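Below is my_file-v5.cif, holding mmCIF, C-alpha atoms.
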```
data_final
#
loop_
_atom_site.label_atom_id
_atom_site.label_comp_id
_atom_site.auth_asym_id
_atom_site.auth_seq_id
_atom_site.Cartn_x
_atom_site.Cartn_y
_atom_site.Cartn_z
CA MET V 1 22.69 13.66 -40.37
CA SER V 2 24.21 10.54 -38.77
CA SER V 3 26.66 8.32 -40.64
CA ARG V 4 24.16 5.42 -40.60
CA MET V 5 21.44 7.62 -42.11
CA ARG V 6 23.90 8.94 -44.69
CA ARG V 7 24.86 5.42 -45.75
CA SER V 8 21.21 4.42 -45.95
CA LEU V 9 20.41 7.48 -48.04
CA GLY V 10 23.34 6.76 -50.32
CA LEU V 11 21.97 3.26 -50.98
CA TRP V 12 18.32 4.02 -51.45
CA ARG V 13 18.63 7.22 -53.47
CA TRP V 14 19.30 5.12 -56.58
CA PHE V 15 15.84 3.58 -56.35
CA ILE V 16 14.09 6.96 -56.47
CA PRO V 17 12.25 7.44 -59.80
CA GLY V 18 13.51 10.42 -61.75
CA LEU V 19 17.27 10.11 -61.22
CA ARG V 20 17.70 8.89 -64.82
CA VAL V 21 20.46 6.53 -63.69
CA LYS V 22 18.80 3.13 -63.89
CA ARG V 23 18.01 3.51 -67.58
CA TRP V 24 21.70 4.10 -68.34
CA LEU V 25 22.64 1.13 -66.16
CA LEU V 26 20.31 -1.06 -68.24
CA MET V 27 21.81 0.35 -71.43
CA ALA V 28 25.31 -0.50 -70.19
CA VAL V 29 24.30 -4.09 -69.40
CA ILE V 30 22.67 -4.53 -72.81
CA GLY V 31 25.74 -3.03 -74.47
CA ALA V 32 28.06 -5.43 -72.62
CA ALA V 33 25.93 -8.41 -73.68
CA LEU V 34 25.93 -7.29 -77.31
CA PHE V 35 29.68 -6.75 -77.22
CA VAL V 36 30.37 -10.24 -75.82
CA ASN V 37 28.00 -11.80 -78.36
CA GLY V 38 29.64 -9.88 -81.18
CA VAL V 39 33.15 -11.01 -80.18
CA SER V 40 31.94 -14.61 -79.95
CA ARG V 41 30.41 -14.44 -83.44
CA TYR V 42 33.54 -12.86 -84.89
CA LEU V 43 35.81 -15.54 -83.46
CA THR V 44 33.47 -18.27 -84.74
CA ASP V 45 33.41 -16.72 -88.24
CA GLU V 46 37.21 -16.57 -88.27
CA GLY V 47 37.47 -20.23 -87.29
CA TYR V 48 38.94 -19.71 -83.85
CA THR V 49 37.93 -22.13 -81.15
CA LEU V 50 38.43 -21.03 -77.58
CA ARG V 51 38.01 -23.97 -75.24
CA ILE V 52 37.30 -21.73 -72.25
CA ASN V 53 34.37 -23.83 -71.05
CA GLU V 54 36.49 -27.01 -70.97
CA MET V 55 39.23 -25.19 -69.07
CA VAL V 56 36.82 -23.86 -66.45
CA ASP V 57 35.06 -27.23 -66.13
CA GLY V 58 38.38 -28.94 -65.45
CA ILE V 59 39.18 -26.45 -62.70
CA VAL V 60 35.85 -26.58 -60.86
CA SER V 61 34.95 -30.26 -61.41
CA GLU V 62 36.66 -31.20 -58.18
CA PHE V 63 34.39 -28.88 -56.16
CA PHE V 64 30.89 -29.23 -57.72
CA PRO V 65 29.29 -30.48 -60.97
CA PRO V 66 29.98 -28.21 -63.98
CA GLY V 67 26.29 -28.43 -64.93
CA TYR V 68 25.50 -25.73 -62.36
CA LEU V 69 27.92 -23.24 -63.93
CA SER V 70 25.47 -21.70 -66.44
CA TRP V 71 23.12 -20.28 -63.82
CA THR V 72 25.90 -19.57 -61.36
CA PHE V 73 27.87 -17.50 -63.86
CA MET V 74 24.77 -15.63 -65.10
CA VAL V 75 23.76 -14.58 -61.59
CA LEU V 76 27.33 -13.73 -60.61
CA GLY V 77 27.83 -11.76 -63.82
CA VAL V 78 24.72 -9.65 -63.29
CA LEU V 79 25.72 -8.93 -59.69
CA LEU V 80 29.26 -7.93 -60.62
CA VAL V 81 28.15 -5.70 -63.53
CA SER V 82 25.51 -3.98 -61.38
CA LEU V 83 27.87 -3.53 -58.44
CA GLY V 84 30.64 -2.20 -60.62
CA ILE V 85 28.49 0.37 -62.42
CA TRP V 86 26.75 1.39 -59.19
CA LYS V 87 30.09 1.94 -57.43
CA TRP V 88 31.38 3.84 -60.43
CA LEU V 89 28.35 6.16 -60.53
CA ASN V 90 28.42 6.53 -56.76
CA ALA V 91 32.05 7.67 -56.90
CA ILE V 92 31.23 10.26 -59.56
CA VAL V 93 28.18 11.61 -57.74
CA THR V 94 30.01 11.72 -54.41
CA ALA V 95 32.79 13.74 -56.00
CA VAL V 96 30.34 16.18 -57.55
CA THR V 97 27.77 16.22 -54.74
CA PRO V 98 29.34 15.75 -51.29
CA TYR V 99 25.93 15.73 -49.60
CA PRO V 100 23.48 13.05 -50.77
CA SER V 101 20.51 15.05 -49.55
CA ARG V 102 21.27 17.66 -52.20
CA MET V 103 20.81 15.03 -54.86
CA ILE V 104 17.39 14.18 -53.45
CA ASP V 105 16.54 17.88 -53.50
CA ALA V 106 17.63 18.06 -57.13
CA VAL V 107 15.38 15.13 -58.03
CA MET V 108 12.43 16.69 -56.24
CA GLU V 109 13.10 20.00 -57.96
CA ARG V 110 13.08 18.29 -61.35
CA ARG V 111 9.74 16.70 -60.54
CA LEU V 112 8.29 20.03 -59.48
CA GLU V 113 9.51 21.69 -62.67
CA ALA V 114 7.54 19.10 -64.64
CA GLY V 115 4.37 19.74 -62.59
CA TYR V 116 1.05 21.12 -63.73
CA ARG V 117 0.70 24.71 -64.95
CA ILE V 118 -1.58 26.26 -62.35
CA VAL V 119 -2.90 29.82 -62.20
CA VAL V 120 -4.25 31.02 -58.84
CA VAL V 121 -6.42 34.15 -58.79
CA GLY V 122 -7.16 36.15 -55.67
CA GLY V 123 -5.55 38.18 -52.93
CA GLY V 124 -5.16 38.52 -49.20
CA THR V 125 -4.00 35.73 -46.90
CA GLY V 126 -6.11 33.12 -48.69
CA LEU V 127 -4.09 33.33 -51.90
CA ALA V 128 -0.81 33.08 -49.99
CA THR V 129 -2.12 29.99 -48.19
CA MET V 130 -2.98 28.31 -51.48
CA LEU V 131 0.45 29.10 -52.95
CA ARG V 132 2.27 27.84 -49.88
CA GLY V 133 0.76 24.41 -50.39
CA LEU V 134 0.94 24.25 -54.19
CA LYS V 135 4.64 25.13 -54.37
CA LYS V 136 5.30 21.65 -52.93
CA GLN V 137 3.46 20.14 -55.89
CA THR V 138 4.67 22.18 -58.87
CA ARG V 139 6.97 25.05 -59.81
CA ASN V 140 4.74 26.11 -62.72
CA LEU V 141 2.68 28.46 -60.58
CA THR V 142 1.32 31.86 -61.51
CA ALA V 143 -0.37 34.04 -58.91
CA VAL V 144 -2.69 36.70 -60.33
CA VAL V 145 -3.07 39.23 -57.54
CA THR V 146 -5.49 42.07 -56.94
CA VAL V 147 -4.13 45.62 -56.65
CA SER V 148 -7.26 47.29 -55.30
CA ASP V 149 -6.27 47.24 -51.60
CA ASP V 150 -6.50 50.74 -50.13
CA GLY V 151 -6.11 50.00 -46.43
CA GLY V 152 -3.22 49.66 -44.01
CA SER V 153 0.37 49.97 -45.17
CA SER V 154 -0.53 49.37 -48.82
CA GLY V 155 -3.09 52.16 -48.85
CA ARG V 156 -0.71 54.60 -47.19
CA LEU V 157 2.06 53.87 -49.70
CA GLN V 158 -0.35 54.30 -52.61
CA LYS V 159 -1.54 57.65 -51.33
CA GLU V 160 1.90 58.97 -50.32
CA LEU V 161 4.10 57.56 -53.12
CA GLY V 162 1.65 56.80 -55.89
CA VAL V 163 2.69 53.12 -56.16
CA LEU V 164 0.26 50.27 -56.61
CA PRO V 165 -0.70 48.53 -53.34
CA PRO V 166 2.14 46.10 -52.61
CA GLY V 167 0.71 44.19 -49.62
CA ASP V 168 -0.94 41.23 -51.36
CA ILE V 169 1.95 41.00 -53.81
CA ARG V 170 4.41 40.83 -50.90
CA ASN V 171 2.41 38.04 -49.23
CA CYS V 172 2.52 35.97 -52.40
CA LEU V 173 6.24 36.55 -52.92
CA VAL V 174 6.95 35.39 -49.38
CA ALA V 175 4.66 32.36 -49.80
CA LEU V 176 6.55 31.22 -52.90
CA ALA V 177 10.00 32.01 -51.52
CA ASP V 178 12.52 29.81 -49.74
CA ASP V 179 11.14 29.84 -46.20
CA GLU V 180 14.57 29.19 -44.71
CA ALA V 181 16.09 32.31 -46.20
CA LEU V 182 16.74 35.18 -43.83
CA VAL V 183 15.63 37.66 -46.48
CA THR V 184 12.14 36.09 -46.36
CA GLU V 185 11.87 36.95 -42.67
CA LEU V 186 13.11 40.40 -43.57
CA PHE V 187 10.26 40.87 -46.06
CA ARG V 188 7.78 39.82 -43.37
CA TYR V 189 9.18 42.22 -40.78
CA ARG V 190 6.74 44.94 -39.76
CA PHE V 191 7.91 48.11 -38.03
CA GLU V 192 6.24 48.68 -34.67
CA GLU V 193 7.74 52.07 -33.95
CA GLY V 194 9.36 55.00 -35.67
CA GLU V 195 7.78 58.14 -37.06
CA GLY V 196 6.21 57.33 -40.42
CA LEU V 197 7.34 53.69 -40.25
CA THR V 198 4.87 52.24 -37.78
CA GLY V 199 2.63 49.66 -39.47
CA HIS V 200 4.74 49.36 -42.61
CA SER V 201 6.35 46.04 -43.52
CA PHE V 202 9.85 45.99 -44.94
CA GLY V 203 8.60 44.07 -47.98
CA ASN V 204 6.10 46.81 -48.84
CA LEU V 205 8.79 49.48 -48.53
CA PHE V 206 11.19 47.40 -50.62
CA LEU V 207 8.63 47.02 -53.43
CA ALA V 208 7.85 50.74 -53.27
CA ALA V 209 11.55 51.63 -53.43
CA MET V 210 12.18 49.16 -56.27
CA THR V 211 9.26 50.64 -58.20
CA GLY V 212 10.92 54.04 -57.91
CA ILE V 213 14.26 52.63 -59.11
CA THR V 214 12.91 50.57 -62.03
CA GLY V 215 10.10 52.96 -62.85
CA ASN V 216 7.69 50.01 -63.17
CA PHE V 217 5.75 48.03 -60.57
CA ASP V 218 5.85 44.88 -62.67
CA GLN V 219 9.62 45.07 -62.96
CA ALA V 220 9.91 45.70 -59.21
CA ILE V 221 8.05 42.42 -58.60
CA LYS V 222 10.42 40.53 -60.92
CA VAL V 223 13.49 41.91 -59.14
CA SER V 224 11.99 41.05 -55.76
CA SER V 225 11.25 37.54 -57.02
CA ARG V 226 14.93 37.05 -57.81
CA VAL V 227 15.95 38.37 -54.40
CA LEU V 228 13.61 35.91 -52.66
CA ASN V 229 14.36 33.03 -55.05
CA VAL V 230 10.65 32.74 -55.78
CA LYS V 231 9.47 29.50 -57.37
CA GLY V 232 6.80 30.57 -59.83
CA SER V 233 5.48 33.95 -60.95
CA VAL V 234 3.59 36.68 -59.14
CA LEU V 235 1.66 39.04 -61.40
CA PRO V 236 -0.62 41.97 -60.65
CA SER V 237 -3.87 41.56 -62.56
CA THR V 238 -3.40 45.08 -63.93
CA LEU V 239 -0.95 47.95 -63.70
CA ALA V 240 -3.78 50.48 -63.80
CA VAL V 241 -4.61 52.54 -60.72
CA ILE V 242 -8.07 51.31 -59.78
CA ARG V 243 -10.52 51.69 -56.93
CA LEU V 244 -12.96 48.98 -55.95
CA CYS V 245 -16.51 50.20 -55.37
CA ALA V 246 -19.66 48.44 -54.24
CA GLU V 247 -23.34 49.09 -54.80
CA LEU V 248 -25.36 47.91 -51.82
CA VAL V 249 -28.92 46.61 -51.92
CA ASP V 250 -30.12 49.72 -50.07
CA GLY V 251 -28.77 51.89 -52.92
CA ARG V 252 -25.61 53.18 -51.25
CA ILE V 253 -22.40 53.38 -53.28
CA ILE V 254 -19.28 52.57 -51.24
CA GLU V 255 -15.93 53.68 -52.68
CA GLY V 256 -12.74 51.93 -51.56
CA GLU V 257 -12.10 48.30 -50.72
CA SER V 258 -11.42 48.92 -47.04
CA LYS V 259 -14.77 50.71 -46.64
CA ILE V 260 -16.95 48.04 -48.26
CA THR V 261 -17.03 45.54 -45.39
CA ALA V 262 -17.11 48.38 -42.86
CA ALA V 263 -20.39 49.60 -44.40
CA ARG V 264 -22.07 46.42 -43.06
CA GLY V 265 -24.58 46.31 -45.90
CA THR V 266 -25.68 43.67 -48.38
CA ILE V 267 -23.64 43.87 -51.56
CA ALA V 268 -25.58 43.94 -54.83
CA LYS V 269 -22.49 44.20 -57.03
CA VAL V 270 -18.92 45.48 -57.10
CA PHE V 271 -17.27 47.46 -59.89
CA LEU V 272 -14.02 49.23 -60.69
CA ASP V 273 -13.42 52.96 -60.91
CA PRO V 274 -12.39 53.67 -63.63
CA PRO V 275 -14.34 50.79 -65.21
CA TYR V 276 -11.65 49.87 -67.73
CA ALA V 277 -8.35 48.38 -66.58
CA ALA V 278 -6.04 46.63 -69.04
CA PRO V 279 -4.66 43.24 -67.98
CA LEU V 280 -0.99 42.27 -68.13
CA ASP V 281 -0.10 40.29 -71.24
CA GLU V 282 1.59 37.72 -68.99
CA VAL V 283 -1.70 37.17 -67.14
CA ILE V 284 -3.56 36.36 -70.36
CA THR V 285 -0.75 34.08 -71.55
CA ALA V 286 -0.71 32.18 -68.23
CA ILE V 287 -4.49 31.69 -68.30
CA ARG V 288 -4.45 30.35 -71.86
CA SER V 289 -1.69 27.81 -71.17
CA ALA V 290 -2.89 26.65 -67.73
CA ASP V 291 -3.86 23.10 -66.79
CA ALA V 292 -5.89 24.46 -63.89
CA ILE V 293 -7.21 27.87 -62.82
CA ILE V 294 -8.02 28.28 -59.14
CA LEU V 295 -10.18 31.06 -57.74
CA GLY V 296 -9.59 31.65 -54.05
CA PRO V 297 -9.62 31.01 -51.24
CA GLY V 298 -10.19 34.56 -50.10
CA SER V 299 -12.75 37.31 -49.68
CA LEU V 300 -15.27 36.88 -52.48
CA TYR V 301 -15.95 40.50 -53.34
CA THR V 302 -12.75 42.22 -52.21
CA SER V 303 -10.00 39.70 -53.09
CA ILE V 304 -11.22 37.51 -55.96
CA MET V 305 -13.73 39.69 -57.81
CA PRO V 306 -11.42 42.69 -58.45
CA ASN V 307 -9.22 40.47 -60.65
CA LEU V 308 -12.21 39.21 -62.62
CA LEU V 309 -13.41 42.76 -63.31
CA VAL V 310 -10.16 43.60 -65.09
CA ASP V 311 -10.79 43.69 -68.83
CA ARG V 312 -10.71 40.28 -70.60
CA VAL V 313 -9.63 38.28 -67.54
CA ALA V 314 -13.01 36.65 -66.86
CA ARG V 315 -13.62 35.94 -70.56
CA GLU V 316 -10.20 34.37 -70.94
CA ILE V 317 -10.80 32.15 -67.90
CA GLU V 318 -14.19 31.10 -69.29
CA ALA V 319 -12.65 30.24 -72.68
CA ALA V 320 -9.59 28.45 -71.26
CA SER V 321 -9.33 24.67 -71.62
CA ALA V 322 -8.08 24.39 -68.02
CA VAL V 323 -10.22 22.95 -65.25
CA LYS V 324 -11.65 25.87 -63.23
CA ILE V 325 -11.73 25.33 -59.48
CA TYR V 326 -13.32 27.58 -56.89
CA VAL V 327 -12.18 27.15 -53.29
CA CYS V 328 -15.17 28.17 -51.23
CA ASN V 329 -14.60 30.08 -48.01
CA VAL V 330 -14.88 28.19 -44.73
CA MET V 331 -16.67 30.99 -42.87
CA THR V 332 -18.98 33.81 -43.92
CA GLN V 333 -17.54 37.31 -43.81
CA PRO V 334 -19.45 40.10 -42.04
CA GLY V 335 -20.39 42.95 -44.34
CA GLU V 336 -19.55 40.89 -47.40
CA THR V 337 -21.08 37.41 -47.45
CA ASP V 338 -23.46 37.36 -44.46
CA GLY V 339 -25.74 34.35 -44.72
CA TYR V 340 -24.15 33.11 -47.94
CA THR V 341 -24.33 29.42 -48.72
CA ALA V 342 -21.77 27.72 -50.96
CA SER V 343 -24.08 28.07 -53.96
CA ALA V 344 -24.52 31.79 -53.23
CA HIS V 345 -20.73 32.19 -53.45
CA VAL V 346 -20.62 30.40 -56.81
CA ARG V 347 -23.61 32.34 -58.12
CA ALA V 348 -22.00 35.66 -57.20
CA LEU V 349 -18.77 34.52 -58.82
CA THR V 350 -20.64 33.87 -62.06
CA ASN V 351 -23.03 36.81 -62.04
CA GLY V 352 -20.41 39.46 -61.21
CA PRO V 353 -18.33 39.22 -64.41
CA ASP V 354 -21.21 37.44 -66.26
CA ALA V 355 -19.08 34.41 -67.15
CA LYS V 356 -19.00 30.73 -66.21
CA LEU V 357 -15.83 30.49 -64.17
CA CYS V 358 -16.32 27.34 -62.11
CA ASP V 359 -16.27 23.64 -63.07
CA VAL V 360 -15.45 22.30 -59.61
CA VAL V 361 -16.04 23.77 -56.16
CA ILE V 362 -14.07 22.62 -53.13
CA VAL V 363 -16.07 22.86 -49.92
CA ASN V 364 -14.90 22.14 -46.42
CA ASP V 365 -16.32 18.93 -45.00
CA GLN V 366 -15.24 19.42 -41.38
CA LEU V 367 -16.96 22.01 -39.22
CA PRO V 368 -14.71 24.11 -36.97
CA CYS V 369 -14.88 23.02 -33.35
CA LYS V 370 -12.57 24.95 -31.05
CA LEU V 371 -13.13 28.45 -32.42
CA ARG V 372 -16.70 28.22 -33.65
CA ASP V 373 -18.23 30.13 -30.72
CA ILE V 374 -15.61 32.89 -30.93
CA TYR V 375 -16.31 33.37 -34.63
CA ALA V 376 -20.06 33.36 -34.01
CA GLU V 377 -19.68 36.29 -31.61
CA GLU V 378 -18.08 38.23 -34.49
CA GLY V 379 -20.89 37.34 -36.87
CA GLN V 380 -18.94 34.68 -38.78
CA LEU V 381 -20.60 31.33 -39.33
CA PRO V 382 -19.55 28.20 -41.25
CA VAL V 383 -20.60 28.36 -44.89
CA ARG V 384 -23.48 25.92 -45.40
CA VAL V 385 -22.90 23.45 -48.22
CA ASP V 386 -26.12 23.21 -50.25
CA GLU V 387 -24.98 20.46 -52.58
CA ALA V 388 -28.17 20.15 -54.59
CA GLU V 389 -28.14 23.85 -55.48
CA LEU V 390 -24.48 23.64 -56.43
CA ARG V 391 -25.13 20.76 -58.80
CA ALA V 392 -28.05 22.71 -60.27
CA LEU V 393 -25.53 25.40 -61.19
CA GLY V 394 -23.61 22.80 -63.21
CA VAL V 395 -20.56 22.47 -60.96
CA LYS V 396 -18.96 19.37 -59.48
CA VAL V 397 -18.78 19.36 -55.68
CA VAL V 398 -15.67 18.07 -53.91
CA ARG V 399 -16.05 17.77 -50.16
CA ALA V 400 -12.87 17.44 -48.09
CA ASN V 401 -11.42 18.33 -44.71
CA VAL V 402 -9.20 21.23 -45.77
CA ILE V 403 -9.02 23.37 -42.61
CA SER V 404 -6.73 23.73 -39.63
CA GLU V 405 -7.61 25.43 -36.36
CA THR V 406 -4.90 27.27 -34.48
CA GLU V 407 -5.57 30.85 -33.44
CA THR V 408 -7.85 31.19 -36.47
CA VAL V 409 -9.85 28.94 -38.78
CA ARG V 410 -8.00 28.82 -42.08
CA HIS V 411 -7.49 26.50 -45.00
CA ASP V 412 -4.61 24.09 -44.45
CA PRO V 413 -2.07 24.65 -47.28
CA ASP V 414 -0.98 21.03 -47.69
CA ARG V 415 -4.42 19.46 -47.44
CA LEU V 416 -5.88 21.97 -49.86
CA ALA V 417 -3.03 21.50 -52.35
CA GLU V 418 -3.46 17.72 -52.30
CA VAL V 419 -7.18 18.06 -53.06
CA VAL V 420 -6.47 20.51 -55.89
CA VAL V 421 -3.84 18.26 -57.48
CA GLY V 422 -6.22 15.30 -57.20
CA ILE V 423 -8.87 17.26 -59.11
CA VAL V 424 -6.36 18.26 -61.78
CA ASN V 425 -5.20 14.63 -62.09
CA ASP V 426 -8.78 13.52 -62.69
CA ALA V 427 -9.41 16.32 -65.19
CA VAL V 428 -6.25 15.58 -67.17
CA ALA V 429 -7.01 11.84 -67.21
CA GLU V 430 -10.59 12.48 -68.31
CA ARG V 431 -9.43 14.83 -71.05
CA ALA V 432 -6.85 12.30 -72.26
CA SER V 433 -9.50 9.55 -72.33
CA TYR V 434 -11.86 11.80 -74.28
CA VAL V 435 -9.18 12.68 -76.85
CA LYS V 436 -8.24 9.01 -77.18
CA PHE V 437 -11.91 8.08 -77.68
CA ARG V 438 -12.36 10.77 -80.31
CA GLN V 439 -9.29 9.61 -82.19
CA ALA V 440 -10.41 5.99 -82.04
CA ALA V 441 -14.02 6.69 -83.10
CA PRO V 442 -14.60 5.90 -86.79
CA SER V 443 -15.41 8.82 -89.00
CA VAL V 444 -18.83 8.79 -90.65
CA GLU V 445 -19.02 9.70 -94.29
CA PRO V 446 -21.85 12.15 -95.09
CA THR V 447 -24.52 10.65 -97.31
#
```

Mind turning the file's structure into structure tokens?
Amino acid sequence: MSSRMRRSLGLWRWFIPGLRVKRWLLMAVIGAALFVNGVSRYLTDEGYTLRINEMVDGIVSEFFPPGYLSWTFMVLGVLLVSLGIWKWLNAIVTAVTPYPSRMIDAVMERRLEAGYRIVVVGGGTGLATMLRGLKKQTRNLTAVVTVSDDGGSSGRLQKELGVLPPGDIRNCLVALADDEALVTELFRYRFEEGEGLTGHSFGNLFLAAMTGITGNFDQAIKVSSRVLNVKGSVLPSTLAVIRLCAELVDGRIIEGESKITAARGTIAKVFLDPPYAAPLDEVITAIRSADAIILGPGSLYTSIMPNLLVDRVAREIEAASAVKIYVCNVMTQPGETDGYTASAHVRALTNGPDAKLCDVVIVNDQLPCKLRDIYAEEGQLPVRVDEAELRALGVKVVRANVISETETVRHDPDRLAEVVVGIVNDAVAERASYVKFRQAAPSVEPT
């Protein structure tokens, strides 16, 4: 940072809301005025007469009329008091915080700590994308993550070591971590060679090892969160060993999450084996205290639904006072949501756990351009937004451009987070207006 930028930052940082400096400056000014007024009253009560005004008038009368002194002294006094206190505070802060940018970071951190309580439910890369954007808006984040993954590195570790699948948990930890930290890159690192190591990520192995040390997967996540300096909480929806199964329209029963989409059938319903899985107490607590509960983005049947099939989770979401938001997928997923419209996604979300889990649905309002043909060759098409059908289901539709196209078509973390926070702002304001109206409404005596 250049010296000019540093000086500019040192000046303007005091005008940033949230420093809690300006209120004390105002208090000091008011205190000084009260003190001067009190001394003046005391001297008057004691009969002392200080002819200060006459003395000053005699000195300045040769330069300009004394009648201008009232306003001149008031303006000069305010400037001197403000400058003096500002320089005093600046000296203290400079001594404590050598780098002004750290103070700005502290202010931003304080704002984030006072942000909305948001619970995000899902799994896969979609959940990590959502968290990556929301962590810039609030620190009160809770990710409720599926543990039904049985493919890749996670599936191998579950079969060989008996630990719960760590892959989706690792993605969420990394998404909420300090991206500049070297240890974050370490958690992302995936071995490309080595007998028994190929395909494993270091983060998965770390979680598996920590589970062995602590004896508890939940505790292993908490330790990993401290290592990565995670902002928020990452919770598995259950600590039970479960397997996701699907019943297809043609009557086939597919066992295992990784085999469901590979079956290339039409899904009638998904269920857990065993059917009962107890939720974490922390998950229920987070849902009950949330300002907003977000479902997705992510695979409808294999990332979001497994969490909702855990005992009590769907019912608690339905009963929660939070605004419930579903982030609809941008593209259909072969073998899972072929031909699904936006309303079909919402309907499946409701019918699966038999609970109303959606107040607002966010749908993408910008069709992919560059990669559309490539996706079409793989059987993936943009999800059609049938707004009338969505409204018939009793949900509010929010259309927004929330995608970015690079090598893939994915939700853009920052755009999506801004839309989500806007929805929560509206919901909180509407709730506050409703409560205010109810309190102001006159009570009617029964006759």

Pairwise distance for CA of Met210 (chain V) and CA of Glu255 (chain V), rounded to one decimal in Å: 28.7 Å

Which residues come within 6 Å of Ala290 (chain V), counting all atoms listed in the file, excluding same-chain residues fewer than 2 positions away, as a compact mmCIF listing (two decimals) with C-alpha atoms, keeping the file's coordinate frame?
```txt
# COMPACT_ATOMS: atom_id res chain seq x y z
CA ARG V 117 0.70 24.71 -64.95
CA ILE V 118 -1.58 26.26 -62.35
CA ALA V 286 -0.71 32.18 -68.23
CA ILE V 287 -4.49 31.69 -68.30
CA ARG V 288 -4.45 30.35 -71.86
CA ALA V 292 -5.89 24.46 -63.89
CA ALA V 322 -8.08 24.39 -68.02
```

Pairwise distance for CA of Ser303 (chain V) and CA of Leu182 (chain V), rounded to one decimal in Å: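 Between these atoms lies a distance of 28.7 Å.
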
Selection dump of the PyMOL selection byres ((chain V and resi 249) around 6), as a VMD selection string: chain V and resid 248 250 to 251 266 to 268

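For the residues V:Val395, V:Val270, V:Leu176, V:Ile260, ranking by smallest atom-to-atom distance to Ser224 (chain V) using only C-alpha atoms places V:Leu176 first.
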
V:Val36, V:Ser343, V:Val310, V:Ala400 ranked by distance to Glu387 (chain V), top pick (using all atoms listed in the file):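 That would be V:Ser343, the residue with the smallest distance to Glu387 (chain V).
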
Please build the interface table for region 302-347 of chain V against region 126-142 of chain V with a cut-off of 12 Å, listing for each qualifying residue the nearest atom pair and the distance in Å to one decimal; count only C-alpha atoms, order rows by chain and increasing number, and write it as CSV.
```
residue,atom,partner,partner_atom,distance
V:Thr302,CA,V:Gly126,CA,11.8
V:Ser303,CA,V:Leu127,CA,8.8
V:Ile304,CA,V:Leu127,CA,9.2
V:Tyr326,CA,V:Met130,CA,11.7
V:Val327,CA,V:Met130,CA,9.4
V:Cys328,CA,V:Gly126,CA,10.6
V:Asn329,CA,V:Gly126,CA,9.0
V:Val330,CA,V:Gly126,CA,10.8
```

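Taking all atoms listed in the file, the non-local environment of Glu185 (chain V) within 12 Å (same-chain residues fewer than 2 positions away omitted) comprises Arg170, Asn171, Leu173, Val174, Ala175, Ala177, Asp178, Asp179, Glu180, Ala181, Leu182, Val183, Phe187, Arg188, Tyr189, Arg190, Ser201, Phe202, Gly203 and Leu228 of chain V.
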
Written as a PDB file with C-alpha atoms, in the frame of the given file, what is the full residue list that the PyMOL selection byres ((chain V and resi 263) around 10) yields on the file shown?
```pdb
ATOM      1  CA  ALA V 246     -19.660  48.440 -54.240  1.00  0.00           C
ATOM      2  CA  LEU V 248     -25.360  47.910 -51.820  1.00  0.00           C
ATOM      3  CA  ARG V 252     -25.610  53.180 -51.250  1.00  0.00           C
ATOM      4  CA  ILE V 253     -22.400  53.380 -53.280  1.00  0.00           C
ATOM      5  CA  ILE V 254     -19.280  52.570 -51.240  1.00  0.00           C
ATOM      6  CA  SER V 258     -11.420  48.920 -47.040  1.00  0.00           C
ATOM      7  CA  LYS V 259     -14.770  50.710 -46.640  1.00  0.00           C
ATOM      8  CA  ILE V 260     -16.950  48.040 -48.260  1.00  0.00           C
ATOM      9  CA  THR V 261     -17.030  45.540 -45.390  1.00  0.00           C
ATOM     10  CA  ALA V 262     -17.110  48.380 -42.860  1.00  0.00           C
ATOM     11  CA  ARG V 264     -22.070  46.420 -43.060  1.00  0.00           C
ATOM     12  CA  GLY V 265     -24.580  46.310 -45.900  1.00  0.00           C
ATOM     13  CA  THR V 266     -25.680  43.670 -48.380  1.00  0.00           C
ATOM     14  CA  ILE V 267     -23.640  43.870 -51.560  1.00  0.00           C
ATOM     15  CA  PRO V 334     -19.450  40.100 -42.040  1.00  0.00           C
ATOM     16  CA  GLY V 335     -20.390  42.950 -44.340  1.00  0.00           C
ATOM     17  CA  GLU V 336     -19.550  40.890 -47.400  1.00  0.00           C
TER      18      GLU V 336
END
```

Between CA of Ile293 (chain V) and CA of Pro165 (chain V) - distance in Å to one decimal: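 Rounded to one decimal, the two atoms are 23.6 Å apart.
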
Picked residues, the PyMOL selection byres ((chain V and resi 319) around 12), as a ChimeraX atom specification: /V:284,287-290,293,312-318,320-324,355-358

Selected residue, from V:Leu244, V:Val144, V:Leu197, V:Leu295, that lies nearest to Gly232 (chain V) when counting only C-alpha atoms: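 Counting only C-alpha atoms, the residue closest to Gly232 (chain V) is V:Val144.
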
Near-Tyr375 (chain V) list (10 Å; all atoms listed in the file; drop same-chain fewer than 6 positions) as a list of chain:residue names: V:Met331, V:Thr332, V:Pro368, V:Leu381, V:Pro382, V:Thr408, V:Val409

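If you measure from each of V:Gly394, V:Gly38, V:Gly196, V:Gly379 to Thr350 (chain V) using only C-alpha atoms, the closest one turns out to be V:Gly394.
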
Residue with smallest distance to Cys369 (chain V) - pool V:Thr406, V:Ile294, V:Arg347, V:Val398, counting only C-alpha atoms: V:Thr406
